[in-house]
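**Student:** For reference, the file coords.cif (mmCIF, C-alpha atoms) is included below:
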data_target
loop_
_atom_site.label_atom_id
_atom_site.label_comp_id
_atom_site.auth_asym_id
_atom_site.auth_seq_id
_atom_site.Cartn_x
_atom_site.Cartn_y
_atom_site.Cartn_z
CA MET A 1 -205.58 54.51 62.08
CA SER A 2 -204.76 57.36 64.36
CA ALA A 3 -205.34 56.43 67.97
CA PRO A 4 -207.25 58.96 70.07
CA ALA A 5 -204.89 61.50 71.60
CA PRO A 6 -203.81 60.33 75.03
CA SER A 7 -204.92 62.45 77.98
CA ALA A 8 -202.47 64.19 80.27
CA ASP A 9 -203.25 61.54 82.88
CA ASP A 10 -202.53 58.69 80.45
CA MET A 11 -199.11 60.17 79.80
CA LYS A 12 -198.37 60.53 83.49
CA GLN A 13 -199.34 56.89 84.05
CA TRP A 14 -197.09 55.70 81.22
CA LEU A 15 -194.17 57.71 82.51
CA LYS A 16 -194.74 56.33 86.00
CA ALA A 17 -194.76 52.78 84.63
CA VAL A 18 -191.46 53.46 82.88
CA ALA A 19 -189.97 54.94 86.04
CA GLU A 20 -191.16 52.22 88.39
CA HIS A 21 -191.09 49.05 86.28
CA GLU A 22 -189.04 49.88 83.18
CA ASP A 23 -192.27 49.14 81.35
CA ARG A 24 -191.44 48.91 77.62
CA GLY A 25 -195.08 48.82 76.61
CA ALA A 26 -195.69 52.16 78.30
CA PHE A 27 -192.49 53.48 76.78
CA GLY A 28 -193.76 52.36 73.37
CA ARG A 29 -196.92 54.37 73.82
CA LEU A 30 -194.94 57.45 74.85
CA PHE A 31 -192.66 56.91 71.85
CA GLN A 32 -195.57 56.51 69.46
CA TYR A 33 -197.06 59.76 70.63
CA PHE A 34 -193.99 61.95 71.12
CA ALA A 35 -191.27 60.78 68.72
CA PRO A 36 -193.09 61.77 65.49
CA ARG A 37 -194.11 65.10 67.03
CA ILE A 38 -190.62 65.93 68.28
CA ALA A 39 -189.21 65.19 64.83
CA SER A 40 -191.85 67.36 63.20
CA PHE A 41 -191.19 70.18 65.69
CA MET A 42 -187.46 69.98 65.00
CA GLU A 43 -187.90 70.01 61.25
CA ARG A 44 -189.99 73.11 61.61
CA GLY A 45 -187.09 74.65 63.52
CA GLY A 46 -184.74 74.07 60.60
CA LEU A 47 -183.26 70.60 61.12
CA ASN A 48 -183.21 68.11 58.25
CA ALA A 49 -185.23 64.91 58.55
CA ALA A 50 -182.29 62.78 59.71
CA GLU A 51 -181.21 65.27 62.40
CA ALA A 52 -184.81 65.70 63.52
CA GLU A 53 -185.27 61.95 63.89
CA GLU A 54 -181.99 61.68 65.77
CA ILE A 55 -183.09 64.36 68.26
CA SER A 56 -186.45 62.66 68.68
CA GLN A 57 -184.77 59.31 69.42
CA GLU A 58 -182.28 60.83 71.81
CA THR A 59 -185.07 62.67 73.57
CA MET A 60 -186.99 59.44 74.08
CA VAL A 61 -183.89 57.68 75.39
CA VAL A 62 -183.47 60.51 77.92
CA VAL A 63 -187.18 60.21 78.79
CA TRP A 64 -186.56 56.52 79.58
CA ARG A 65 -183.51 57.26 81.70
CA LYS A 66 -184.90 60.23 83.56
CA ALA A 67 -188.51 59.11 83.96
CA ALA A 68 -188.05 58.85 87.73
CA LEU A 69 -187.06 62.53 87.85
CA TYR A 70 -190.32 63.70 86.31
CA ASP A 71 -192.29 65.66 88.86
CA PRO A 72 -195.94 66.25 87.98
CA ALA A 73 -196.00 69.22 90.35
CA GLN A 74 -193.49 70.98 88.10
CA ALA A 75 -194.88 70.54 84.61
CA GLY A 76 -197.08 68.45 82.35
CA VAL A 77 -195.49 65.51 80.54
CA SER A 78 -195.49 67.31 77.17
CA THR A 79 -193.75 70.33 78.68
CA TRP A 80 -191.17 68.10 80.36
CA VAL A 81 -190.49 66.24 77.11
CA PHE A 82 -190.25 69.56 75.32
CA THR A 83 -187.53 70.81 77.68
CA ILE A 84 -185.48 67.65 77.09
CA ALA A 85 -185.77 67.99 73.32
CA ARG A 86 -184.98 71.67 73.57
CA ASN A 87 -181.77 71.05 75.51
CA LEU A 88 -180.60 68.41 73.04
CA ARG A 89 -181.40 70.77 70.18
CA VAL A 90 -179.44 73.61 71.79
CA ASP A 91 -176.39 71.42 72.17
CA LEU A 92 -176.66 70.22 68.60
CA ALA A 93 -176.73 73.84 67.47
CA ARG A 94 -173.62 74.44 69.48
CA LYS A 95 -171.92 71.59 67.71
CA ALA A 96 -171.05 70.12 71.07
CA SER A 97 -169.19 66.87 71.03
CA ARG A 98 -171.51 63.88 71.19
CA ALA A 99 -170.12 62.97 74.55
CA SER A 100 -171.33 66.17 76.14
CA ALA A 101 -174.69 66.30 74.39
CA GLY A 102 -177.36 67.73 76.63
CA VAL A 103 -175.06 68.42 79.53
CA ALA A 104 -174.19 72.01 78.76
CA ALA A 105 -177.71 73.19 78.20
CA MET A 106 -178.95 71.34 81.27
CA ARG A 107 -176.24 72.85 83.41
CA GLU A 108 -177.37 76.31 82.47
CA LEU A 109 -181.07 75.68 82.70
CA PRO A 110 -181.85 72.78 84.93
CA MET A 111 -185.33 71.50 84.28
CA ARG A 112 -186.06 71.78 87.94
CA LEU A 113 -185.60 75.45 88.56
CA GLU A 114 -186.17 75.80 92.24
CA ALA A 115 -189.74 76.81 92.53
CA SER A 116 -191.20 79.25 94.97
CA VAL A 117 -194.03 77.92 97.09
CA GLU A 118 -196.38 79.98 94.98
CA ASP A 119 -195.03 78.41 91.80
CA MET A 120 -195.51 74.90 93.08
CA ALA A 121 -199.17 75.43 93.80
CA LEU A 122 -199.68 76.74 90.30
CA ALA A 123 -197.68 74.22 88.32
CA SER A 124 -200.42 71.65 87.92
CA GLU A 125 -202.78 74.17 86.38
CA ARG A 126 -200.33 76.02 84.22
CA ASP A 127 -200.30 73.76 81.20
CA ALA A 128 -204.06 73.67 80.79
CA ARG A 129 -204.35 77.41 81.21
CA VAL A 130 -201.53 78.15 78.82
CA ARG A 131 -203.30 76.03 76.23
CA SER A 132 -206.58 77.83 76.51
CA ALA A 133 -204.79 81.20 76.62
CA MET A 134 -202.94 80.38 73.39
CA ALA A 135 -206.26 79.91 71.65
CA THR A 136 -207.18 83.51 72.42
CA LEU A 137 -204.09 85.14 70.86
CA SER A 138 -204.56 87.47 67.91
CA PRO A 139 -203.07 86.31 64.59
CA GLU A 140 -200.24 88.82 65.03
CA GLN A 141 -199.47 87.59 68.56
CA ALA A 142 -199.57 83.98 67.40
CA THR A 143 -197.11 84.79 64.62
CA VAL A 144 -194.71 86.49 67.02
CA LEU A 145 -194.88 83.55 69.42
CA ARG A 146 -194.43 80.96 66.68
CA LEU A 147 -191.46 82.73 65.08
CA SER A 148 -189.71 83.33 68.40
CA PHE A 149 -189.84 79.55 68.85
CA PHE A 150 -188.86 78.49 65.36
CA ALA A 151 -187.01 81.28 63.59
CA GLU A 152 -183.27 81.66 63.70
CA LYS A 153 -183.55 85.39 63.08
CA PRO A 154 -186.97 86.06 64.57
CA HIS A 155 -186.97 89.84 64.07
CA ALA A 156 -186.27 89.61 60.37
CA GLU A 157 -188.88 86.90 59.88
CA ILE A 158 -191.51 88.63 61.99
CA ALA A 159 -190.93 91.80 59.95
CA LYS A 160 -191.39 89.81 56.76
CA GLU A 161 -194.50 87.90 57.80
CA LEU A 162 -196.24 90.89 59.34
CA SER A 163 -194.99 93.37 56.71
CA LEU A 164 -193.46 95.59 59.36
CA PRO A 165 -190.43 97.80 58.81
CA LEU A 166 -187.39 96.25 60.52
CA GLY A 167 -186.97 99.48 62.49
CA THR A 168 -190.22 99.03 64.39
CA VAL A 169 -190.30 95.26 64.65
CA LYS A 170 -188.24 95.04 67.83
CA SER A 171 -190.49 97.26 69.89
CA ARG A 172 -193.63 95.70 68.38
CA THR A 173 -192.34 92.23 69.14
CA ARG A 174 -191.48 93.09 72.71
CA LEU A 175 -194.87 94.63 73.26
CA ALA A 176 -196.64 91.67 71.69
CA MET A 177 -194.69 89.18 73.78
CA ALA A 178 -195.33 91.07 77.02
CA LYS A 179 -199.06 90.94 76.17
CA ILE A 180 -198.81 87.25 75.38
CA ARG A 181 -197.19 86.53 78.72
CA ALA A 182 -199.85 88.58 80.49
CA ILE A 183 -202.50 86.47 78.75
CA LEU A 184 -200.71 83.23 79.63
CA GLU A 185 -200.48 84.19 83.29
CA ARG A 186 -203.74 86.09 83.55
CA ASP A 187 -205.60 83.71 85.76
CA LEU A 188 -202.65 82.33 87.62
CA MET B 1 -184.92 94.31 94.81
CA ILE B 2 -184.68 93.54 91.11
CA THR B 3 -186.19 96.25 88.93
CA HIS B 4 -184.83 95.46 85.46
CA HIS B 5 -185.58 92.18 83.72
CA PRO B 6 -184.92 90.61 80.34
CA SER B 7 -187.85 91.12 77.97
CA ASP B 8 -190.57 88.50 77.67
CA PHE B 9 -189.43 88.04 74.08
CA THR B 10 -186.01 87.05 75.39
CA LEU B 11 -187.57 84.67 77.94
CA ALA B 12 -189.59 83.07 75.16
CA ARG B 13 -186.47 82.59 73.05
CA LEU B 14 -184.63 81.22 76.08
CA ALA B 15 -187.45 78.72 76.62
CA ALA B 16 -187.44 77.79 72.95
CA GLY B 17 -183.67 77.42 72.84
CA THR B 18 -183.22 80.01 70.08
CA LEU B 19 -181.25 82.52 72.15
CA GLY B 20 -177.49 82.57 71.49
CA ALA B 21 -175.15 80.82 73.93
CA GLY B 22 -173.63 84.02 75.37
CA PRO B 23 -176.94 85.82 75.98
CA GLN B 24 -178.39 82.57 77.32
CA LEU B 25 -175.73 82.38 80.00
CA VAL B 26 -176.27 86.00 81.04
CA VAL B 27 -180.05 85.60 81.18
CA ALA B 28 -179.80 82.24 82.99
CA THR B 29 -177.64 83.96 85.61
CA HIS B 30 -180.39 86.53 86.03
CA LEU B 31 -183.00 83.78 86.39
CA SER B 32 -181.06 82.10 89.17
CA GLY B 33 -181.91 85.14 91.32
CA CYS B 34 -185.27 86.15 89.87
CA PRO B 35 -188.46 84.16 90.64
CA GLN B 36 -190.53 86.44 88.43
CA CYS B 37 -188.48 85.55 85.34
CA ARG B 38 -188.38 81.86 86.30
CA ARG B 39 -192.13 81.99 86.26
CA GLY B 40 -192.05 83.52 82.78
CA LEU B 41 -189.69 80.80 81.60
CA ARG B 42 -192.09 78.15 82.90
CA SER B 43 -194.98 79.78 81.07
CA PHE B 44 -193.04 79.73 77.82
CA TRP B 45 -191.91 76.15 78.43
CA ALA B 46 -195.57 75.27 78.75
CA VAL B 47 -196.09 77.01 75.40
CA GLY B 48 -193.39 74.71 74.02
CA GLY B 49 -195.21 71.69 75.44
CA ALA B 50 -198.46 72.83 73.83
CA MET B 51 -196.70 73.42 70.50
CA LEU B 52 -195.24 69.93 70.73
CA ASP B 53 -198.72 68.47 71.25
CA GLU B 54 -199.96 70.37 68.24
CA ALA B 55 -197.08 69.45 65.95
CA PRO B 56 -198.34 67.25 63.10
CA PRO B 57 -196.74 63.80 63.59
CA THR B 58 -194.12 63.13 60.97
CA ARG B 59 -193.21 59.73 59.52
CA LEU B 60 -190.15 58.21 61.17
CA SER B 61 -188.00 55.44 59.71
CA PRO B 62 -189.67 52.05 60.21
CA ASP B 63 -187.07 50.87 62.69
CA ALA B 64 -186.99 54.09 64.74
CA PHE B 65 -188.58 52.48 67.79
CA ALA B 66 -186.35 49.40 67.57
CA GLN B 67 -183.31 51.66 67.40
CA ALA B 68 -184.46 53.59 70.44
CA LEU B 69 -185.04 50.34 72.36
CA ALA B 70 -181.56 49.18 71.45
CA ARG B 71 -180.14 52.34 72.96
CA LEU B 72 -181.97 52.20 76.26
CA HIS B 73 -179.31 50.25 78.04
CA GLU B 74 -176.24 51.67 76.42
CA THR B 75 -173.97 53.25 78.91
CA ASP B 76 -175.16 56.79 79.25
CA PRO B 77 -172.58 58.98 77.52
CA ARG B 78 -174.18 61.88 79.28
CA ALA B 79 -173.62 60.44 82.70
CA GLU B 80 -173.60 63.72 84.44
CA ALA B 81 -170.78 64.50 86.70
CA ALA B 82 -171.88 66.61 89.62
CA PRO B 83 -171.74 70.21 88.42
CA ARG B 84 -168.34 71.64 89.15
CA VAL B 85 -168.21 74.77 91.21
CA LEU B 86 -165.10 76.69 90.27
CA HIS B 87 -166.13 80.05 91.65
CA PRO B 88 -168.15 79.71 94.86
CA ASP B 89 -168.47 83.49 95.07
CA LEU B 90 -170.42 83.67 91.80
CA PRO B 91 -174.08 82.76 91.30
CA PRO B 92 -175.06 79.62 89.42
CA PRO B 93 -174.92 78.89 86.54
CA LEU B 94 -171.88 81.10 86.21
CA ASN B 95 -169.82 79.41 88.89
CA GLY B 96 -168.96 76.34 86.81
CA TYR B 97 -167.25 78.11 83.93
CA GLU B 98 -163.60 78.72 83.33
CA ILE B 99 -162.93 82.43 83.69
CA GLY B 100 -159.69 84.01 82.58
CA PRO B 101 -157.63 86.31 84.78
CA TRP B 102 -158.59 89.93 85.24
CA ARG B 103 -156.92 92.11 82.66
CA VAL B 104 -156.27 95.76 83.19
CA VAL B 105 -157.11 98.33 80.59
CA GLY B 106 -155.96 101.78 81.56
CA ARG B 107 -156.78 102.70 85.14
CA ARG B 108 -160.50 102.69 84.68
CA PHE B 109 -161.59 99.13 84.30
CA ARG B 110 -160.69 95.49 84.19
CA TRP B 111 -162.21 92.67 82.26
CA ARG B 112 -162.01 88.92 82.13
CA ARG B 113 -163.37 86.47 79.65
CA LEU B 114 -165.53 83.42 80.22
CA THR B 115 -164.86 80.29 78.25
CA LEU B 116 -167.89 78.30 77.17
CA PRO B 117 -166.36 74.99 76.09
CA GLU B 118 -169.51 74.04 74.21
CA SER B 119 -169.63 77.36 72.34
CA PRO B 120 -166.14 78.66 71.72
CA ASP B 121 -167.52 81.47 69.57
CA ALA B 122 -169.64 82.95 72.32
CA ASN B 123 -168.31 86.16 73.79
CA VAL B 124 -169.13 86.59 77.42
CA ILE B 125 -167.08 88.98 79.47
CA MET B 126 -167.03 90.22 83.00
CA LEU B 127 -166.28 93.90 83.47
CA LYS B 128 -165.14 95.56 86.66
CA VAL B 129 -165.36 99.31 86.73
CA GLY B 130 -164.33 101.60 89.60
CA ALA B 131 -166.68 103.86 91.56
CA GLY B 132 -167.68 106.97 89.64
CA GLN B 133 -166.07 105.74 86.41
CA PRO B 134 -167.82 105.47 83.07
CA VAL B 135 -168.55 101.96 81.91
CA PRO B 136 -166.66 101.63 78.61
CA HIS B 137 -168.75 103.38 76.06
CA HIS B 138 -170.07 100.91 73.60
CA GLY B 139 -172.45 100.64 70.75
CA HIS B 140 -173.53 97.22 69.65
CA SER B 141 -174.25 95.45 66.46
CA GLY B 142 -176.89 93.32 68.15
CA THR B 143 -178.88 93.22 71.36
CA GLU B 144 -176.61 93.40 74.39
CA TYR B 145 -177.42 91.64 77.65
CA THR B 146 -175.83 92.85 80.87
CA GLN B 147 -176.32 91.35 84.31
CA VAL B 148 -175.16 93.39 87.30
CA LEU B 149 -173.32 91.07 89.70
CA THR B 150 -172.18 93.58 92.33
CA GLY B 151 -172.41 97.33 92.74
CA SER B 152 -174.57 99.56 90.59
CA PHE B 153 -174.48 101.98 87.70
CA THR B 154 -176.73 104.60 86.22
CA ASP B 155 -177.42 105.73 82.69
CA SER B 156 -179.90 108.02 81.02
CA LEU B 157 -182.61 105.36 81.39
CA GLY B 158 -182.26 104.38 85.01
CA ARG B 159 -180.27 102.89 87.85
CA TYR B 160 -179.15 99.28 87.73
CA ARG B 161 -178.31 97.31 90.85
CA ALA B 162 -177.01 93.83 91.60
CA GLY B 163 -179.48 91.30 90.20
CA ASP B 164 -180.75 93.58 87.43
CA CYS B 165 -180.52 92.52 83.82
CA ILE B 166 -180.38 95.13 81.10
CA GLU B 167 -181.24 94.41 77.53
CA MET B 168 -180.08 97.11 75.15
CA ASP B 169 -180.71 97.36 71.45
CA GLU B 170 -178.11 98.52 69.00
CA GLU B 171 -179.76 101.85 68.37
CA ILE B 172 -179.43 102.85 72.00
CA ASN B 173 -176.23 104.64 72.77
CA HIS B 174 -176.25 104.75 76.51
CA GLN B 175 -173.63 106.34 78.71
CA PRO B 176 -173.52 104.31 81.88
CA VAL B 177 -171.53 105.54 84.87
CA VAL B 178 -170.79 103.47 87.97
CA ASP B 179 -172.32 104.90 91.12
CA GLN B 180 -170.09 106.57 93.71
CA ASP B 181 -170.58 104.02 96.46
CA GLY B 182 -168.31 101.30 95.08
CA GLU B 183 -167.01 99.38 92.11
CA CYS B 184 -169.37 97.52 89.82
CA ILE B 185 -168.98 94.08 88.29
CA CYS B 186 -171.15 93.10 85.34
CA LEU B 187 -171.52 90.14 83.07
CA ALA B 188 -172.13 91.02 79.43
CA ALA B 189 -172.80 89.26 76.16
CA VAL B 190 -174.11 90.33 72.79
CA GLU B 191 -175.97 88.78 69.98
CA GLY B 192 -173.97 89.85 67.03
CA ARG B 193 -170.65 91.53 67.56
CA LEU B 194 -169.80 93.92 70.35
CA ARG B 195 -168.49 97.20 69.05
CA LEU B 196 -166.52 99.17 71.55
CA SER B 197 -165.99 102.71 70.47
CA GLY B 198 -163.62 105.39 71.69
CA TRP B 199 -159.96 104.93 72.54
CA ILE B 200 -160.61 102.30 75.18
CA GLY B 201 -162.63 100.34 72.70
CA ARG B 202 -159.93 100.50 70.07
CA LEU B 203 -157.47 99.31 72.66
CA ILE B 204 -159.55 96.50 74.09
CA GLN B 205 -161.35 95.19 71.05
CA PRO B 206 -158.39 93.36 69.50
CA LEU B 207 -157.57 91.96 72.92
CA ILE B 208 -161.00 90.57 73.56
CA GLY B 209 -161.46 89.59 69.98
CA ILE B 210 -165.07 90.66 69.82
#
Would you mind writing the file out in structure tokens?
**Tutor:**
Amino acid sequence: MSAPAPSADDMKQWLKAVAEHEDRGAFGRLFQYFAPRIASFMERGGLNAAEAEEISQETMVVVWRKAALYDPAQAGVSTWVFTIARNLRVDLARKASRASAGVAAMRELPMRLEASVEDMALASERDARVRSAMATLSPEQATVLRLSFFAEKPHAEIAKELSLPLGTVKSRTRLAMAKIRAILERDL
Amino acid sequence: MITHHPSDFTLARLAAGTLGAGPQLVVATHLSGCPQCRRGLRSFWAVGGAMLDEAPPTRLSPDAFAQALARLHETDPRAEAAPRVLHPDLPPPLNGYEIGPWRVVGRRFRWRRLTLPESPDANVIMLKVGAGQPVPHHGHSGTEYTQVLTGSFTDSLGRYRAGDCIEMDEEINHQPVVDQDGECICLAAVEGRLRLSGWIGRLIQPLIGI
């Protein structure tokens, strides 16, 4: 009974309803879409099921609280939600006290990095372009990108998956990632 | 004019949250002054968003949504105090951290240590080296990240000025020397353990504890 995937505009509308009217129905739809994906993403990054579910819940609570701070000119909803989950995950990894969860990572990397004028004009298109660019990566590039997101020791795991000697994996990885970024930003 | 940047691999790991706490702080300091790298971070954040969309939904406990609803109006334990600025002369995000006093090692350089309350194991130090002096010779057991805060230095690979970020792998044994026109202050962190070699290293290593 999987519902059709919501569009980027649907998600923006739901978030707006949460921000402006504390709309629990809209929050429910955001939860239904994101919470199981955040948990899955976190499990892939090495958390156990209970930790992954905890991060997904916390992320959604932060989404509720910070909905009014979401700026569609800065990022798509999925990217915004990702940065929240990422910050909570970083603090968990740092074994921060519960009371400070999320604060440390957000202090270092505020979600709203001041954007240049040029950046602002591009933000709305970035997500869609990044998605189509990702589809054009070679299998090796896709592996490097995936492991840099999920592996604790990315070099060792990239070496293993691509059967590269550890001695050459660093330069290969750097080269691959520079190419990936060039692809991601090619038309921007 | 910034000419040295962290690698795109490092930006991707920063975006993903898989970079260590010490290197993250050094690279985030670089980003605060570098629009080009902020743009890279945004690209990789967008990759994260796309990966999130593609993640296969997992089964949550049946009351997961009810639990989340129950938490919506709890007092926010994360109520964020306005970020403290302890060192107005330093760039964000560095200016909110506790930094120990300058310590003198020989006549050639001074160092001070940053305390990351959320990551007590992270080793981030600030080094101040006089004009024309060698930056303490070091090899590393992991990638080392150095952000030039003021002044400049030169090694066999190039010249590094304020705003530059240098990412050095363990196999590189560079011999940086501070330029003649003034002292140089850098922020440095390693993934893995920093290995300072030579007599200065043997002297300082037990003091810094890295």
**Student:** Counting all atoms listed in the file, collect the residues of chain A whose closest atom lies at most 6 Å from chain B, and write them out as a PDB file with C-alpha atoms, in the frame of the given file.
**Tutor:**
ATOM      1  CA  PRO A  36    -193.090  61.770  65.490  1.00  0.00           C
ATOM      2  CA  ARG A  37    -194.110  65.100  67.030  1.00  0.00           C
ATOM      3  CA  SER A  40    -191.850  67.360  63.200  1.00  0.00           C
ATOM      4  CA  PHE A  41    -191.190  70.180  65.690  1.00  0.00           C
ATOM      5  CA  GLN A  57    -184.770  59.310  69.420  1.00  0.00           C
ATOM      6  CA  VAL A  61    -183.890  57.680  75.390  1.00  0.00           C
ATOM      7  CA  SER A  78    -195.490  67.310  77.170  1.00  0.00           C
ATOM      8  CA  THR A  79    -193.750  70.330  78.680  1.00  0.00           C
ATOM      9  CA  PHE A  82    -190.250  69.560  75.320  1.00  0.00           C
ATOM     10  CA  ARG A  86    -184.980  71.670  73.570  1.00  0.00           C
ATOM     11  CA  VAL A  90    -179.440  73.610  71.790  1.00  0.00           C
ATOM     12  CA  ARG A  94    -173.620  74.440  69.480  1.00  0.00           C
ATOM     13  CA  ALA A  96    -171.050  70.120  71.070  1.00  0.00           C
ATOM     14  CA  ALA A  99    -170.120  62.970  74.550  1.00  0.00           C
ATOM     15  CA  GLU A 108    -177.370  76.310  82.470  1.00  0.00           C
ATOM     16  CA  ASP A 127    -200.300  73.760  81.200  1.00  0.00           C
ATOM     17  CA  SER A 148    -189.710  83.330  68.400  1.00  0.00           C
ATOM     18  CA  PHE A 149    -189.840  79.550  68.850  1.00  0.00           C
ATOM     19  CA  ARG A 174    -191.480  93.090  72.710  1.00  0.00           C
ATOM     20  CA  MET A 177    -194.690  89.180  73.780  1.00  0.00           C
ATOM     21  CA  ALA A 178    -195.330  91.070  77.020  1.00  0.00           C
TER      22      ALA A 178
END
**Student:** What residues come out when you apply the PyMOL selection byres ((chain A and resi 172) around 12) to this file, written as a PDB file with C-alpha atoms, in the coordinates of the input?
**Tutor:**
ATOM      1  CA  GLU A 140    -200.240  88.820  65.030  1.00  0.00           C
ATOM      2  CA  GLN A 141    -199.470  87.590  68.560  1.00  0.00           C
ATOM      3  CA  VAL A 144    -194.710  86.490  67.020  1.00  0.00           C
ATOM      4  CA  HIS A 155    -186.970  89.840  64.070  1.00  0.00           C
ATOM      5  CA  ILE A 158    -191.510  88.630  61.990  1.00  0.00           C
ATOM      6  CA  ALA A 159    -190.930  91.800  59.950  1.00  0.00           C
ATOM      7  CA  LEU A 162    -196.240  90.890  59.340  1.00  0.00           C
ATOM      8  CA  SER A 163    -194.990  93.370  56.710  1.00  0.00           C
ATOM      9  CA  LEU A 164    -193.460  95.590  59.360  1.00  0.00           C
ATOM     10  CA  PRO A 165    -190.430  97.800  58.810  1.00  0.00           C
ATOM     11  CA  LEU A 166    -187.390  96.250  60.520  1.00  0.00           C
ATOM     12  CA  GLY A 167    -186.970  99.480  62.490  1.00  0.00           C
ATOM     13  CA  THR A 168    -190.220  99.030  64.390  1.00  0.00           C
ATOM     14  CA  VAL A 169    -190.300  95.260  64.650  1.00  0.00           C
ATOM     15  CA  LYS A 170    -188.240  95.040  67.830  1.00  0.00           C
ATOM     16  CA  SER A 171    -190.490  97.260  69.890  1.00  0.00           C
ATOM     17  CA  THR A 173    -192.340  92.230  69.140  1.00  0.00           C
ATOM     18  CA  ARG A 174    -191.480  93.090  72.710  1.00  0.00           C
ATOM     19  CA  LEU A 175    -194.870  94.630  73.260  1.00  0.00           C
ATOM     20  CA  ALA A 176    -196.640  91.670  71.690  1.00  0.00           C
ATOM     21  CA  MET A 177    -194.690  89.180  73.780  1.00  0.00           C
ATOM     22  CA  ALA A 178    -195.330  91.070  77.020  1.00  0.00           C
ATOM     23  CA  LYS A 179    -199.060  90.940  76.170  1.00  0.00           C
TER      24      LYS A 179
ATOM     25  CA  PHE B   9    -189.430  88.040  74.080  1.00  0.00           C
TER      26      PHE B   9
END
**Student:** Find the axis-aligned box for region 12-23 of chain A, covering all its listed atoms and adding 5 Å on each side, and write its centre and edge lengths in Å to one decimal as AutoDock Vina command-line options.
**Tutor:**
--center_x -194.2 --center_y 54.8 --center_z 84.8 --size_x 20.3 --size_y 21.5 --size_z 17.2
**Student:** Check which residues satisfy the PyMOL selection byres ((chain A and resi 84) around 9) in the file shown, then give them as a list in words.
**Tutor:**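 That expression, the PyMOL selection byres ((chain A and resi 84) around 9), corresponds here to Thr59, Met60, Val62, Val63, Thr79, Trp80, Val81, Phe82, Thr83, Ala85, Arg86, Asn87, Leu88, Arg89, Gly102, Met106 and Met111 of chain A.
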**Student:** Which residues match the PyMOL selection byres ((chain B and resi 135) around 7) in the file above, as a ChimeraX atom specification?
**Tutor:** /B:129,133-134,136-137,176-178
**Student:** Here is a test: counting all atoms listed in the file, which residue of B:Ala131, B:Thr150, B:Pro23, B:Phe109 is nearest to Asp89 (chain B)?
**Tutor:**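 Closest to Asp89 (chain B) of all the choices is B:Thr150.
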**Student:** Under the rule that only C-alpha atoms are counted, which of A:Ala26, A:Ala49, A:Ile38, A:Ala17 is the nearest residue to Ala68 (chain A)?
**Tutor:**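 Looking only at the distances to Ala68 (chain A), the closest residue turns out to be A:Ala17.
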**Student:** Just to confirm, what's the straight-line distance from CA of Ala135 (chain A) to CA of Met42 (chain A) in Å (one decimal)?
**Tutor:**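 These two atoms are separated by 22.3 Å.
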**Student:** Taking all atoms listed in the file into account, name the residue in B:Val190, B:Val105, B:Ile2, B:Val85 that is nearest to Leu149 (chain B).
**Tutor:**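 Of all the options, B:Ile2 lies closest to Leu149 (chain B).
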**Student:** Hey, which of B:His30, B:Trp111, B:Pro6, B:Met126 ends up closest to Ala162 (chain B)? Count only C-alpha atoms.
**Tutor:**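 Nearest candidate to Ala162 (chain B) out of B:His30, B:Trp111, B:Pro6, B:Met126: B:His30.
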**Student:** How many Å lie between CA of Gly132 (chain B) and CA of Tyr160 (chain B), rounded to one decimal?
**Tutor:**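 Pair CA of Gly132 (chain B) / CA of Tyr160 (chain B) returns 13.9 Å.
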**Student:** Work out how far CA of Leu114 (chain B) is from CA of Ala189 (chain B), in Å to one decimal.
**Tutor:** 10.2 Å
**Student:** I'd like the contact shell of Glu51 (chain A) - 9 Å cut-off, all atoms listed in the file, skipping same-chain residues fewer than 5 positions apart - returned as a ChimeraX atom specification.
**Tutor:** /A:39,42-43,56
**Student:** Place N, CA, C and O atoms on region 49-54 of chain A and deliver the coordinates as an mmCIF file, in the frame of the given file.
**Tutor:**
data_model
loop_
_atom_site.group_PDB
_atom_site.id
_atom_site.type_symbol
_atom_site.label_atom_id
_atom_site.label_comp_id
_atom_site.auth_asym_id
_atom_site.auth_seq_id
_atom_site.Cartn_x
_atom_site.Cartn_y
_atom_site.Cartn_z
ATOM 1 N N ALA A 49 -184.448 66.037 58.035
ATOM 2 C CA ALA A 49 -185.230 64.910 58.550
ATOM 3 C C ALA A 49 -184.385 63.965 59.400
ATOM 4 O O ALA A 49 -184.835 63.487 60.447
ATOM 5 N N ALA A 50 -183.141 63.717 58.975
ATOM 6 C CA ALA A 50 -182.290 62.780 59.710
ATOM 7 C C ALA A 50 -181.925 63.343 61.080
ATOM 8 O O ALA A 50 -181.999 62.640 62.102
ATOM 9 N N GLU A 51 -181.555 64.631 61.120
ATOM 10 C CA GLU A 51 -181.210 65.270 62.400
ATOM 11 C C GLU A 51 -182.438 65.291 63.318
ATOM 12 O O GLU A 51 -182.333 65.041 64.528
ATOM 13 N N ALA A 52 -183.580 65.604 62.728
ATOM 14 C CA ALA A 52 -184.810 65.700 63.520
ATOM 15 C C ALA A 52 -185.141 64.350 64.140
ATOM 16 O O ALA A 52 -185.522 64.261 65.308
ATOM 17 N N GLU A 53 -184.974 63.281 63.354
ATOM 18 C CA GLU A 53 -185.270 61.950 63.890
ATOM 19 C C GLU A 53 -184.255 61.570 64.973
ATOM 20 O O GLU A 53 -184.606 60.969 65.991
ATOM 21 N N GLU A 54 -183.017 61.965 64.773
ATOM 22 C CA GLU A 54 -181.990 61.680 65.770
ATOM 23 C C GLU A 54 -182.323 62.374 67.102
ATOM 24 O O GLU A 54 -182.247 61.766 68.165
#
